[in-house]
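Source file coords-v6.pdb; content: PDB, C-alpha atoms and all ligand atoms.
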```pdb
ATOM      1  CA  SER A 757     -35.693  37.816   7.825
ATOM      2  CA  SER A 758     -33.049  35.213   8.177
ATOM      3  CA  LYS A 759     -35.063  33.554  10.884
ATOM      4  CA  GLU A 760     -38.009  33.033   8.547
ATOM      5  CA  HIS A 761     -35.671  31.515   5.950
ATOM      6  CA  GLY A 762     -33.999  29.329   8.486
ATOM      7  CA  GLY A 763     -36.351  26.485   7.837
ATOM      8  CA  ASP A 764     -35.746  26.624   4.098
ATOM      9  CA  HIS A 765     -31.983  26.619   4.534
ATOM     10  CA  TYR A 766     -32.278  23.605   6.722
ATOM     11  CA  THR A 767     -34.398  21.866   4.104
ATOM     12  CA  VAL A 768     -31.878  22.622   1.336
ATOM     13  CA  PHE A 769     -29.012  21.322   3.498
ATOM     14  CA  ASP A 770     -31.025  18.253   4.326
ATOM     15  CA  ALA A 771     -31.736  17.548   0.646
ATOM     16  CA  GLY A 772     -28.033  17.921  -0.125
ATOM     17  CA  MET A 773     -27.192  15.456   2.598
ATOM     18  CA  ARG A 774     -29.749  13.074   1.221
ATOM     19  CA  VAL A 775     -28.180  13.208  -2.261
ATOM     20  CA  LEU A 776     -24.733  12.593  -0.772
ATOM     21  CA  THR A 777     -25.978   9.719   1.327
ATOM     22  CA  GLN A 778     -27.749   8.234  -1.646
ATOM     23  CA  ARG A 779     -24.646   8.506  -3.830
ATOM     24  CA  ARG A 780     -22.562   6.866  -1.131
ATOM     25  CA  MET A 781     -25.093   4.074  -0.788
ATOM     26  CA  GLU A 782     -25.091   3.528  -4.543
ATOM     27  CA  MET A 783     -21.303   3.346  -4.598
ATOM     28  CA  GLU A 784     -21.315   1.007  -1.625
ATOM     29  CA  LEU A 785     -23.801  -1.260  -3.383
ATOM     30  CA  ALA A 786     -21.782  -1.181  -6.624
ATOM     31  CA  LEU A 787     -18.566  -1.988  -4.758
ATOM     32  CA  ARG A 788     -20.223  -4.756  -2.750
ATOM     33  CA  GLN A 789     -21.532  -6.310  -5.959
ATOM     34  CA  ALA A 790     -18.139  -5.921  -7.606
ATOM     35  CA  MET A 791     -16.631  -7.911  -4.715
ATOM     36  CA  GLU A 792     -19.300 -10.596  -4.997
ATOM     37  CA  HIS A 793     -18.918 -10.824  -8.786
ATOM     38  CA  GLY A 794     -15.147 -11.183  -8.628
ATOM     39  CA  GLU A 795     -14.505  -7.795 -10.258
ATOM     40  CA  ILE A 796     -11.990  -6.853  -7.572
ATOM     41  CA  THR A 797      -8.607  -8.204  -8.492
ATOM     42  CA  VAL A 798      -5.021  -7.696  -7.476
ATOM     43  CA  HIS A 799      -2.145  -6.406  -9.554
ATOM     44  CA  TYR A 800       1.436  -6.839  -8.397
ATOM     45  CA  GLN A 801       4.455  -4.595  -8.669
ATOM     46  CA  PRO A 802       7.931  -6.039  -8.134
ATOM     47  CA  ILE A 803      10.256  -4.736  -5.450
ATOM     48  CA  VAL A 804      13.850  -5.008  -6.616
ATOM     49  CA  SER A 805      17.073  -5.322  -4.609
ATOM     50  CA  LEU A 806      19.381  -2.445  -5.515
ATOM     51  CA  THR A 807      22.415  -4.556  -4.707
ATOM     52  CA  THR A 808      21.592  -7.673  -6.760
ATOM     53  CA  GLY A 809      18.985  -6.431  -9.265
ATOM     54  CA  ASP A 810      16.767  -9.390  -8.346
ATOM     55  CA  VAL A 811      13.070  -9.269  -7.570
ATOM     56  CA  THR A 812      12.713  -9.705  -3.807
ATOM     57  CA  GLY A 813       8.967  -9.380  -3.577
ATOM     58  CA  PHE A 814       5.746  -7.882  -4.821
ATOM     59  CA  GLU A 815       3.343  -5.223  -3.606
ATOM     60  CA  ALA A 816      -0.312  -6.203  -3.995
ATOM     61  CA  LEU A 817      -2.399  -3.336  -5.427
ATOM     62  CA  ALA A 818      -6.178  -3.470  -5.603
ATOM     63  CA  ARG A 819      -7.921  -3.041  -8.974
ATOM     64  CA  TRP A 820     -11.593  -2.935  -9.922
ATOM     65  CA  GLN A 821     -12.102  -4.614 -13.287
ATOM     66  CA  HIS A 822     -15.399  -2.952 -14.174
ATOM     67  CA  PRO A 823     -17.374  -4.651 -16.973
ATOM     68  CA  ARG A 824     -18.077  -1.339 -18.760
ATOM     69  CA  GLN A 825     -15.662   1.225 -17.322
ATOM     70  CA  GLY A 826     -12.573  -0.980 -17.524
ATOM     71  CA  LEU A 827      -9.854  -0.926 -14.891
ATOM     72  CA  ILE A 828     -10.610   1.455 -12.011
ATOM     73  CA  ALA A 829      -7.710   2.687  -9.857
ATOM     74  CA  PRO A 830      -7.704   2.153  -6.089
ATOM     75  CA  THR A 831      -7.406   5.902  -5.543
ATOM     76  CA  GLU A 832     -11.015   6.067  -6.803
ATOM     77  CA  PHE A 833     -12.626   3.259  -4.827
ATOM     78  CA  ILE A 834     -10.498   2.810  -1.682
ATOM     79  CA  PRO A 835     -11.669   6.159  -0.225
ATOM     80  CA  ILE A 836     -15.306   5.123  -0.769
ATOM     81  CA  ALA A 837     -14.607   1.743   0.792
ATOM     82  CA  GLU A 838     -13.061   3.569   3.767
ATOM     83  CA  GLU A 839     -16.028   5.923   4.163
ATOM     84  CA  THR A 840     -18.626   3.180   3.986
ATOM     85  CA  GLY A 841     -16.753   0.698   6.143
ATOM     86  CA  LEU A 842     -16.560  -1.755   3.252
ATOM     87  CA  ILE A 843     -12.764  -1.487   3.510
ATOM     88  CA  ASN A 844     -12.779  -4.220   6.145
ATOM     89  CA  GLU A 845     -14.186  -6.774   3.736
ATOM     90  CA  LEU A 846     -12.277  -5.370   0.783
ATOM     91  CA  GLY A 847      -8.992  -5.386   2.687
ATOM     92  CA  ALA A 848      -9.563  -8.966   3.817
ATOM     93  CA  LEU A 849     -10.346  -9.938   0.217
ATOM     94  CA  ILE A 850      -7.125  -8.381  -1.128
ATOM     95  CA  LEU A 851      -5.062 -10.058   1.599
ATOM     96  CA  ARG A 852      -6.740 -13.426   0.933
ATOM     97  CA  LEU A 853      -6.389 -13.229  -2.877
ATOM     98  CA  SER A 854      -2.757 -12.118  -2.779
ATOM     99  CA  CYS A 855      -1.708 -14.696  -0.153
ATOM    100  CA  ARG A 856      -3.411 -17.386  -2.215
ATOM    101  CA  ARG A 857      -1.567 -16.237  -5.359
ATOM    102  CA  LEU A 858       1.817 -16.266  -3.627
ATOM    103  CA  VAL A 859       1.205 -19.748  -2.202
ATOM    104  CA  GLU A 860       0.338 -20.947  -5.693
ATOM    105  CA  LEU A 861       3.456 -19.276  -7.099
ATOM    106  CA  THR A 862       5.582 -21.009  -4.450
ATOM    107  CA  ARG A 863       4.058 -24.353  -5.376
ATOM    108  CA  ASN A 864       5.167 -23.938  -8.999
ATOM    109  CA  ASN A 865       8.520 -22.307  -8.235
ATOM    110  CA  PRO A 866      10.204 -23.233  -4.939
ATOM    111  CA  ASP A 867      12.393 -20.082  -5.328
ATOM    112  CA  ALA A 868       9.298 -17.972  -4.737
ATOM    113  CA  ALA A 869       9.367 -18.974  -1.062
ATOM    114  CA  ALA A 870      12.094 -16.355  -0.563
ATOM    115  CA  LEU A 871       9.866 -13.581  -1.955
ATOM    116  CA  THR A 872       7.839 -11.148   0.101
ATOM    117  CA  LEU A 873       4.252 -10.014  -0.351
ATOM    118  CA  SER A 874       3.441  -6.452   0.690
ATOM    119  CA  VAL A 875      -0.215  -5.614   1.326
ATOM    120  CA  ASN A 876      -1.655  -2.160   2.074
ATOM    121  CA  ILE A 877      -3.756  -1.841   5.207
ATOM    122  CA  SER A 878      -6.071   1.111   5.692
ATOM    123  CA  GLY A 879      -6.336   2.916   9.020
ATOM    124  CA  ARG A 880      -9.925   1.916   9.574
ATOM    125  CA  GLN A 881      -9.053  -1.746   9.006
ATOM    126  CA  PHE A 882      -6.048  -1.568  11.330
ATOM    127  CA  LYS A 883      -8.085  -0.004  14.137
ATOM    128  CA  ARG A 884     -10.746  -2.707  14.159
ATOM    129  CA  PRO A 885     -10.637  -4.796  17.348
ATOM    130  CA  ASP A 886     -10.632  -8.100  15.435
ATOM    131  CA  PHE A 887      -8.093  -7.061  12.767
ATOM    132  CA  VAL A 888      -5.206  -9.160  14.111
ATOM    133  CA  GLU A 889      -7.420 -12.232  14.417
ATOM    134  CA  GLU A 890      -8.604 -11.740  10.872
ATOM    135  CA  VAL A 891      -5.028 -11.580   9.578
ATOM    136  CA  ALA A 892      -4.235 -14.756  11.541
ATOM    137  CA  THR A 893      -7.252 -16.498  10.010
ATOM    138  CA  ILE A 894      -6.277 -15.541   6.453
ATOM    139  CA  LEU A 895      -2.667 -16.646   7.006
ATOM    140  CA  ALA A 896      -3.893 -20.011   8.286
ATOM    141  CA  GLU A 897      -6.558 -20.439   5.591
ATOM    142  CA  THR A 898      -4.203 -19.726   2.701
ATOM    143  CA  GLY A 899      -1.242 -21.539   4.254
ATOM    144  CA  ILE A 900       1.188 -18.751   3.398
ATOM    145  CA  ASP A 901       4.428 -18.636   5.378
ATOM    146  CA  PRO A 902       3.893 -15.520   7.554
ATOM    147  CA  VAL A 903       7.541 -14.461   7.098
ATOM    148  CA  MET A 904       6.675 -13.679   3.470
ATOM    149  CA  VAL A 905       4.011 -11.168   4.442
ATOM    150  CA  LYS A 906       4.601  -7.443   4.962
ATOM    151  CA  LEU A 907       1.742  -5.200   6.027
ATOM    152  CA  GLU A 908       2.063  -1.583   4.874
ATOM    153  CA  LEU A 909       0.666   1.091   7.173
ATOM    154  CA  THR A 910       0.616   4.834   6.622
ATOM    155  CA  GLU A 911       1.328   7.452   9.268
ATOM    156  CA  SER A 912      -2.374   8.216   9.638
ATOM    157  CA  VAL A 913      -2.912   5.018  11.639
ATOM    158  CA  LEU A 914      -0.340   6.095  14.216
ATOM    159  CA  MET A 915      -1.750   9.486  15.056
ATOM    160  CA  ASP A 916      -4.779   9.204  17.364
ATOM    161  CA  ASP A 917      -3.766   6.405  19.703
ATOM    162  CA  ALA A 918      -0.073   5.642  19.510
ATOM    163  CA  ASP A 919      -0.056   3.184  22.435
ATOM    164  CA  GLU A 920      -2.854   1.158  20.914
ATOM    165  CA  ALA A 921      -1.087   1.187  17.523
ATOM    166  CA  VAL A 922       2.129  -0.110  19.141
ATOM    167  CA  ARG A 923       0.166  -2.942  20.782
ATOM    168  CA  THR A 924      -1.497  -3.895  17.485
ATOM    169  CA  ILE A 925       1.814  -3.846  15.597
ATOM    170  CA  LYS A 926       3.385  -6.073  18.276
ATOM    171  CA  ARG A 927       0.490  -8.528  18.020
ATOM    172  CA  LEU A 928       0.867  -8.596  14.230
ATOM    173  CA  LYS A 929       4.595  -9.222  14.517
ATOM    174  CA  ALA A 930       3.887 -12.059  16.939
ATOM    175  CA  LEU A 931       2.081 -13.762  14.025
ATOM    176  CA  GLY A 932       5.400 -13.686  12.158
ATOM    177  CA  VAL A 933       4.542 -10.976   9.626
ATOM    178  CA  LYS A 934       6.571  -7.804   9.037
ATOM    179  CA  VAL A 935       5.231  -4.290   9.382
ATOM    180  CA  VAL A 936       6.235  -1.440   7.107
ATOM    181  CA  ILE A 937       5.665   2.298   7.246
ATOM    182  CA  ASP A 938       4.414   3.364   3.786
ATOM    183  CA  ASP A 939       4.578   6.763   2.016
ATOM    184  CA  PHE A 940       7.026   8.060   4.578
ATOM    185  CA  GLY A 941       7.488  11.816   4.456
ATOM    186  CA  THR A 942       3.957  12.726   3.365
ATOM    187  CA  GLY A 943       2.531  12.913   6.882
ATOM    188  CA  TYR A 944       3.542  14.950   9.854
ATOM    189  CA  SER A 945       5.517  12.418  11.823
ATOM    190  CA  SER A 946       9.239  12.674  12.261
ATOM    191  CA  LEU A 947      11.570   9.707  12.295
ATOM    192  CA  SER A 948      11.966  10.137  16.045
ATOM    193  CA  TYR A 949       8.213   9.666  16.405
ATOM    194  CA  ILE A 950       8.276   6.655  14.076
ATOM    195  CA  GLN A 951      10.979   5.142  16.285
ATOM    196  CA  ARG A 952       8.461   4.181  18.958
ATOM    197  CA  PHE A 953       6.682   1.822  16.553
ATOM    198  CA  PRO A 954       8.394  -1.521  15.897
ATOM    199  CA  PHE A 955       8.520  -1.276  12.095
ATOM    200  CA  ASP A 956      10.792  -3.516  10.046
ATOM    201  CA  SER A 957      11.192  -1.214   7.090
ATOM    202  CA  LEU A 958      10.293   2.154   5.671
ATOM    203  CA  LYS A 959       9.091   3.188   2.219
ATOM    204  CA  VAL A 960      10.142   6.622   1.050
ATOM    205  CA  ASP A 961       7.217   8.278  -0.704
ATOM    206  CA  ARG A 962       7.511   8.652  -4.437
ATOM    207  CA  SER A 963       6.987  12.409  -4.277
ATOM    208  CA  PHE A 964      10.592  12.734  -3.016
ATOM    209  CA  VAL A 965      12.069  10.060  -5.272
ATOM    210  CA  GLY A 966      10.391  11.170  -8.490
ATOM    211  CA  ASN A 967      12.044  14.547  -8.724
ATOM    212  CA  MET A 968      15.171  13.745  -6.765
ATOM    213  CA  ASN A 969      17.485  14.691  -9.603
ATOM    214  CA  GLU A 970      15.735  17.897 -10.608
ATOM    215  CA  ALA A 971      15.773  19.414  -7.164
ATOM    216  CA  GLU A 972      18.857  19.126  -5.013
ATOM    217  CA  GLN A 973      16.609  19.612  -1.987
ATOM    218  CA  ASN A 974      14.671  16.417  -2.693
ATOM    219  CA  MET A 975      17.906  14.482  -3.024
ATOM    220  CA  GLU A 976      18.939  15.782   0.390
ATOM    221  CA  ILE A 977      15.588  14.795   1.903
ATOM    222  CA  VAL A 978      15.916  11.263   0.527
ATOM    223  CA  ARG A 979      19.530  11.099   1.745
ATOM    224  CA  ALA A 980      18.473  12.208   5.239
ATOM    225  CA  ILE A 981      15.530   9.777   5.414
ATOM    226  CA  ILE A 982      17.702   6.832   4.338
ATOM    227  CA  ALA A 983      20.534   7.724   6.735
ATOM    228  CA  MET A 984      18.197   8.136   9.695
ATOM    229  CA  ALA A 985      16.168   5.026   8.851
ATOM    230  CA  HIS A 986      19.408   3.018   8.821
ATOM    231  CA  LYS A 987      20.383   4.453  12.211
ATOM    232  CA  LEU A 988      17.039   3.184  13.515
ATOM    233  CA  GLY A 989      17.725  -0.246  12.031
ATOM    234  CA  LEU A 990      15.097   0.008   9.310
ATOM    235  CA  GLU A 991      15.602  -1.184   5.754
ATOM    236  CA  VAL A 992      14.540   1.283   3.099
ATOM    237  CA  VAL A 993      12.441   0.814  -0.028
ATOM    238  CA  ALA A 994      12.176   3.734  -2.438
ATOM    239  CA  GLU A 995       8.900   4.086  -4.328
ATOM    240  CA  GLY A 996       8.363   5.766  -7.682
ATOM    241  CA  VAL A 997      11.694   4.910  -9.313
ATOM    242  CA  GLU A 998      11.069   5.877 -12.939
ATOM    243  CA  LEU A 999      14.557   6.517 -14.328
ATOM    244  CA  ALA A1000      17.976   4.857 -14.363
ATOM    245  CA  GLU A1001      19.322   7.997 -12.656
ATOM    246  CA  HIS A1002      16.968   7.488  -9.707
ATOM    247  CA  ARG A1003      18.213   3.968  -9.331
ATOM    248  CA  THR A1004      21.871   5.001  -9.486
ATOM    249  CA  ALA A1005      21.369   7.784  -6.962
ATOM    250  CA  LEU A1006      19.490   5.480  -4.575
ATOM    251  CA  SER A1007      22.207   2.808  -4.822
ATOM    252  CA  GLU A1008      24.771   5.438  -3.934
ATOM    253  CA  LEU A1009      22.656   6.390  -0.910
ATOM    254  CA  ARG A1010      22.717   2.709   0.167
ATOM    255  CA  CYS A1011      18.966   2.299  -0.209
ATOM    256  CA  GLU A1012      18.250  -1.465  -0.063
ATOM    257  CA  SER A1013      15.367  -1.811  -2.508
ATOM    258  CA  ALA A1014      13.257   0.049  -4.987
ATOM    259  CA  GLN A1015       9.957  -0.092  -6.754
ATOM    260  CA  GLY A1016       8.706   1.869  -9.736
ATOM    261  CA  PHE A1017       7.880   2.063 -13.419
ATOM    262  CA  TYR A1018      11.621   1.902 -14.261
ATOM    263  CA  PHE A1019      11.464  -1.770 -13.237
ATOM    264  CA  SER A1020       7.838  -2.612 -13.937
ATOM    265  CA  LYS A1021       4.311  -1.304 -13.692
ATOM    266  CA  PRO A1022       1.917  -3.323 -11.539
ATOM    267  CA  VAL A1023       0.912  -6.433 -13.532
ATOM    268  CA  PRO A1024      -1.888  -9.024 -13.287
ATOM    269  CA  GLY A1025      -1.243 -12.120 -11.183
ATOM    270  CA  GLU A1026      -0.768 -14.377 -14.204
ATOM    271  CA  GLU A1027       2.479 -12.592 -14.996
ATOM    272  CA  LEU A1028       4.192 -13.296 -11.671
ATOM    273  CA  ASP A1029       5.884 -16.491 -12.849
ATOM    274  CA  THR A1030       7.748 -14.548 -15.536
ATOM    275  CA  LEU A1031       8.248 -11.404 -13.494
ATOM    276  CA  MET A1032       9.864 -13.159 -10.537
ATOM    277  CA  ARG A1033      12.678 -14.388 -12.805
ATOM    278  CA  GLN A1034      13.433 -10.975 -14.181
ATOM    279  CA  HIS A1035      16.744  -9.418 -13.293
ATOM    280  CA  TRP A1036      17.986  -5.865 -13.663
ATOM    281  CA  LYS A1037      21.711  -5.652 -14.185
ATOM    282  CA  SER A1038      23.307  -2.790 -12.305
ATOM    283  CA  ALA A1039      22.664   0.493 -14.028
ATOM    284  CA  PRO A1040      25.659   2.114 -15.722
ATOM    285  CA  ALA A1041      27.205   4.679 -13.381
ATOM    286  CA  SER A1042      26.128   8.234 -14.077
ATOM    287  CA  ASP A1043      28.586  10.222 -16.261
ATOM    288  CA  SER A1044      28.707  13.353 -14.166
TER     289      SER A1044
HETATM  290  P1  LIG B1101       0.913   2.902  -2.426
HETATM  291  O1  LIG B1101       0.693   1.851  -1.426
HETATM  292  O2  LIG B1101       1.920   3.939  -2.106
HETATM  293  O3  LIG B1101       1.272   2.144  -3.772
HETATM  294  C1  LIG B1101       2.145   2.619  -4.746
HETATM  295  C2  LIG B1101       1.415   3.341  -5.838
HETATM  296  O4  LIG B1101       2.349   4.008  -6.674
HETATM  297  C3  LIG B1101       0.624   2.422  -6.781
HETATM  298  O5  LIG B1101      -0.521   3.129  -7.251
HETATM  299  C4  LIG B1101       1.608   2.216  -7.917
HETATM  300  O6  LIG B1101       0.997   1.838  -9.133
HETATM  301  C5  LIG B1101       2.200   3.594  -8.017
HETATM  302  N1  LIG B1101       3.511   3.571  -8.623
HETATM  303  C6  LIG B1101       4.437   2.605  -8.571
HETATM  304  N2  LIG B1101       5.568   2.938  -9.222
HETATM  305  C7  LIG B1101       5.360   4.171  -9.710
HETATM  306  C8  LIG B1101       6.172   5.068 -10.505
HETATM  307  O7  LIG B1101       7.312   4.791 -10.871
HETATM  308  N3  LIG B1101       5.602   6.256 -10.810
HETATM  309  C9  LIG B1101       4.356   6.605 -10.426
HETATM  310  N4  LIG B1101       3.878   7.785 -10.798
HETATM  311  N5  LIG B1101       3.567   5.784  -9.692
HETATM  312  C10 LIG B1101       4.067   4.583  -9.339
HETATM  313  P2  LIG B1101      -1.983   2.478  -7.235
HETATM  314  O8  LIG B1101      -1.910   1.034  -7.561
HETATM  315  O9  LIG B1101      -2.859   3.370  -8.048
HETATM  316  O10 LIG B1101      -2.369   2.607  -5.707
HETATM  317  C11 LIG B1101      -2.506   3.861  -5.118
HETATM  318  C12 LIG B1101      -2.701   3.747  -3.625
HETATM  319  O11 LIG B1101      -3.951   3.121  -3.326
HETATM  320  C13 LIG B1101      -1.650   2.909  -2.925
HETATM  321  O12 LIG B1101      -0.484   3.675  -2.749
HETATM  322  C14 LIG B1101      -2.361   2.598  -1.643
HETATM  323  O13 LIG B1101      -2.296   3.675  -0.752
HETATM  324  C15 LIG B1101      -3.807   2.451  -2.106
HETATM  325  N6  LIG B1101      -4.117   1.018  -2.287
HETATM  326  C16 LIG B1101      -3.903   0.215  -3.346
HETATM  327  N7  LIG B1101      -4.336  -1.045  -3.078
HETATM  328  C17 LIG B1101      -4.827  -1.034  -1.820
HETATM  329  C18 LIG B1101      -5.411  -2.019  -0.954
HETATM  330  O14 LIG B1101      -5.548  -3.204  -1.283
HETATM  331  N8  LIG B1101      -5.806  -1.601   0.295
HETATM  332  C19 LIG B1101      -5.632  -0.307   0.711
HETATM  333  N9  LIG B1101      -6.050   0.027   1.939
HETATM  334  N10 LIG B1101      -5.083   0.636  -0.073
HETATM  335  C20 LIG B1101      -4.675   0.279  -1.317
HETATM  336 MG    MG B1102       1.872   0.647  -0.373
HETATM  337 MG    MG B1103       3.474   3.688  -0.873
HETATM  338 MG    MG B1104       2.931   6.336  -2.158
END
```
Translate the structure of the given file into structure tokens.
Ligand code: C2E
Ligand code: MG
Ligand code: MG
Ligand code: MG
Amino acid sequence: SSKEHGGDHYTVFDAGMRVLTQRRMEMELALRQAMEHGEITVHYQPIVSLTTGDVTGFEALARWQHPRQGLIAPTEFIPIAEETGLINELGALILRLSCRRLVELTRNNPDAAALTLSVNISGRQFKRPDFVEEVATILAETGIDPVMVKLELTESVLMDDADEAVRTIKRLKALGVKVVIDDFGTGYSSLSYIQRFPFDSLKVDRSFVGNMNEAEQNMEIVRAIIAMAHKLGLEVVAEGVELAEHRTALSELRCESAQGFYFSKPVPGEELDTLMRQHWKSAPASDS
């Protein structure tokens, strides 16, 4: 009977859990060692003004430079870091490394002081009671001008306790940093919901931008997001700009800035000196 087999089922489930737990622990150990051995690095992708064609800032993107497996994407290790709680240390490391790099860049090129540094913050990191203090410590330690720093949050951090999220965002802004809503449109929140959080700017998710020209509907979604964001006083950054046509369309929609492979892929920190001087002349107007 099922009752007699109950014990066995439980044992099988238990063994499965053990394997999962063991795998997670192995990954946690590997990631922890990678952090200690300096295998976690930061790549940077420029954010470009659609009005001037100048680089206005960079987004810091985590990379794991594995000695045997090569470059590992954050989509593979960030979720593990989030599950194991290692994201707190990892997030602090990325913020510290990228602030340090921007300070160094500013030292060599005074023009870099006008640039911004965007850093992704995971929900688990954001919800930690000492998160704001940690940001303050890293800002002070690295000596970066807080006005250069933009923290990117996704909608997921706003869902469970909106009042607490508003308080945390206000405390962050009191440090002088800016707060951005990332991947907008992928979650469930409407712009009217977003309005209660004191964001400075909004990033339109690349899933809408990427196929804007193929599907009229996507173009209309991007148009609506930009128009409403502007009504709420938010500047807009479009992600995933891959083609000249995307750029032209976004300029016509009065989108302030853009980021994507059309301009540049994320590059190692050594290339920032060159990249910051790059300029993209306005794209030729579309023929149609
Ligand atoms: P995100 O914050 O939305 O970052 C933009 C992602 O889009 C990056 O992927 C970037 O390489 C990619 N991308 C940029 N332009 C284009 C384009 O034109 N076409 C396409 N197809 N993709 C483009 P990446 O570097 O693999 O990062 C993926 C995600 O991992 C990030 O999405 C972010 O959510 C997360 N992530 C990366 N670094 C960190 C970090 O330090 N902390 C946390 N918590 N999350 C991070
Ligand atoms: Mg981001
Ligand atoms: Mg994004
Ligand atoms: Mg995205």
Q: Report as a ChimeraX atom specification which protein, DNA and RNA residues come within 9 Å of ligand MG 1103 (chain B), using all atoms listed in the file.
A: /A:876,908-910,937-940,959-962,994-996
(Q) Using only C-alpha atoms, can you tell me which of A:Met773, A:Val993, A:Ala896, A:Ala921 comes closest to Lys883 in chain A? (A)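 Looking at the shortest contact to Lys883 in chain A, the residue is A:Ala921.
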(Q) Using only C-alpha atoms and all ligand atoms, can you tell me which of A:Glu784, A:Glu998, A:Asp770, A:Asp917 comes closest to ligand LIG 1101 (chain B)? (A) A:Glu998
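Near Leu853 in chain A, within a cut-off of 8 Å and counting all atoms listed in the file, sit the residues A:Thr797, A:Val798, A:Leu849, A:Ile850, A:Arg856, A:Arg857, with same-chain residues fewer than 3 positions away left out.
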Saved selection, atoms kept: C-alpha atoms, as a tab-separated table (two decimals), in the coordinates of the input:
```tsv
chain	number	residue	atom	x	y	z
A	797	THR	CA	-8.61	-8.20	-8.49
A	798	VAL	CA	-5.02	-7.70	-7.48
A	849	LEU	CA	-10.35	-9.94	0.22
A	850	ILE	CA	-7.12	-8.38	-1.13
A	856	ARG	CA	-3.41	-17.39	-2.22
A	857	ARG	CA	-1.57	-16.24	-5.36
```
Pull the closest atom pair for each residue of chain A that gets at most 6 Å from ligand LIG 1101 (chain B), along with the distance in Å to one decimal, counting only C-alpha atoms and all ligand atoms, ordering rows by chain and then ascending residue number, as a tab-separated table.
```
residue	atom	partner	partner_atom	distance
A:Leu817	CA	B:LIG1101	N7	3.8
A:Ala818	CA	B:LIG1101	N7	4.0
A:Ala829	CA	B:LIG1101	O9	5.2
A:Pro830	CA	B:LIG1101	O11	4.8
A:Thr831	CA	B:LIG1101	O11	5.0
A:Gly847	CA	B:LIG1101	N8	5.5
A:Ile850	CA	B:LIG1101	O14	5.4
A:Asn876	CA	B:LIG1101	N8	4.6
A:Ile877	CA	B:LIG1101	N9	4.4
A:Ser878	CA	B:LIG1101	N9	3.9
A:Asp939	CA	B:LIG1101	O2	5.7
A:Gly996	CA	B:LIG1101	O7	3.5
A:Val997	CA	B:LIG1101	O7	4.7
A:Glu998	CA	B:LIG1101	O7	4.4
A:Gln1015	CA	B:LIG1101	N2	5.9
A:Gly1016	CA	B:LIG1101	N2	3.4
A:Phe1017	CA	B:LIG1101	O7	3.8
A:Pro1022	CA	B:LIG1101	O6	5.8
```
Q. If you count only C-alpha atoms, which residues fall within 10 Å of Val935 in chain A, apart from same-chain ones fewer than 2 positions away, as a ChimeraX atom specification?
A. /A:874-875,905-909,925-926,928-929,932-933,937-938,953-958
Q.
Could you tell me how far CA of Leu947 in chain A sits from CA of Thr807 in chain A, in Å to one decimal place?
A. 24.7 Å
Q: May I ask for the distance between CA of Asn864 in chain A and CA of Leu1028 in chain A, given in Å to one decimal place?
A: 11.0 Å
Q. Between A:His822, A:Arg1010, A:Arg927, A:Arg880, which has the minimum distance to Ile834 in chain A (counting only C-alpha atoms)?
A.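 With only C-alpha atoms as the atom set, the closest residue is A:Arg880.
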Q: Give as an NGL selection string the residues that the PyMOL selection byres (((chain A and resi 988) around 10) and not hetatm) matches when applied to the coordinates above.
A: :A and (947-948 or 950-951 or 955-957 or 982-987 or 989-991)
Q: Go through A:Ile900, A:Ile843, A:Leu895, A:Val936 and flag the residue nearest ligand MG 1102 (chain B), using only C-alpha atoms and all ligand atoms for the distances.
A: A:Val936
Q: Write out as a PyMOL selection string which residues come within 12 Å of Glu845 in chain A when counting all atoms listed in the file, dropping same-chain ones fewer than 3 positions away.
A: chain A and resi 784+787-788+791-792+796+834+837-838+840-842+848-852+877-878+880-881+884+887+890-891
Q: State, in Å with one decimal place, the distance from CA of Met968 in chain A to CA of Pro835 in chain A.
A: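 Taking CA of Met968 in chain A as the start and CA of Pro835 in chain A as the end point, the length is 28.6 Å.
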Q: Measuring atom to atom with only C-alpha atoms and all ligand atoms, identify which of A:Ile828, A:Cys855, A:Leu873, A:Met781 is nearest to ligand MG 1102 (chain B).
A: A:Leu873
Using 4 Å of padding on each side, determine the axis-aligned box around all atoms of range 865-871 of chain A present in the file and give its centre and edge lengths in Å to one decimal, as lines of an AutoDock Vina configuration file.
```
center_x = 10.5
center_y = -18.4
center_z = -4.4
size_x = 11.9
size_y = 17.7
size_z = 15.7
```
Neighbour list for Ser945 in chain A as an mmCIF file with C-alpha atoms, in the frame of the given file, cut-off 10 Å, only C-alpha atoms, skip fewer than 3 positions in-chain:
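That gives us result.cif:
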```
data_model
loop_
_atom_site.group_PDB
_atom_site.id
_atom_site.type_symbol
_atom_site.label_atom_id
_atom_site.label_comp_id
_atom_site.auth_asym_id
_atom_site.auth_seq_id
_atom_site.Cartn_x
_atom_site.Cartn_y
_atom_site.Cartn_z
ATOM 1 C CA GLU A 911 1.328 7.452 9.268
ATOM 2 C CA SER A 912 -2.374 8.216 9.638
ATOM 3 C CA LEU A 914 -0.340 6.095 14.216
ATOM 4 C CA MET A 915 -1.750 9.486 15.056
ATOM 5 C CA PHE A 940 7.026 8.060 4.578
ATOM 6 C CA GLY A 941 7.488 11.816 4.456
ATOM 7 C CA THR A 942 3.957 12.726 3.365
ATOM 8 C CA SER A 948 11.966 10.137 16.045
ATOM 9 C CA TYR A 949 8.213 9.666 16.405
ATOM 10 C CA ILE A 950 8.276 6.655 14.076
#
```
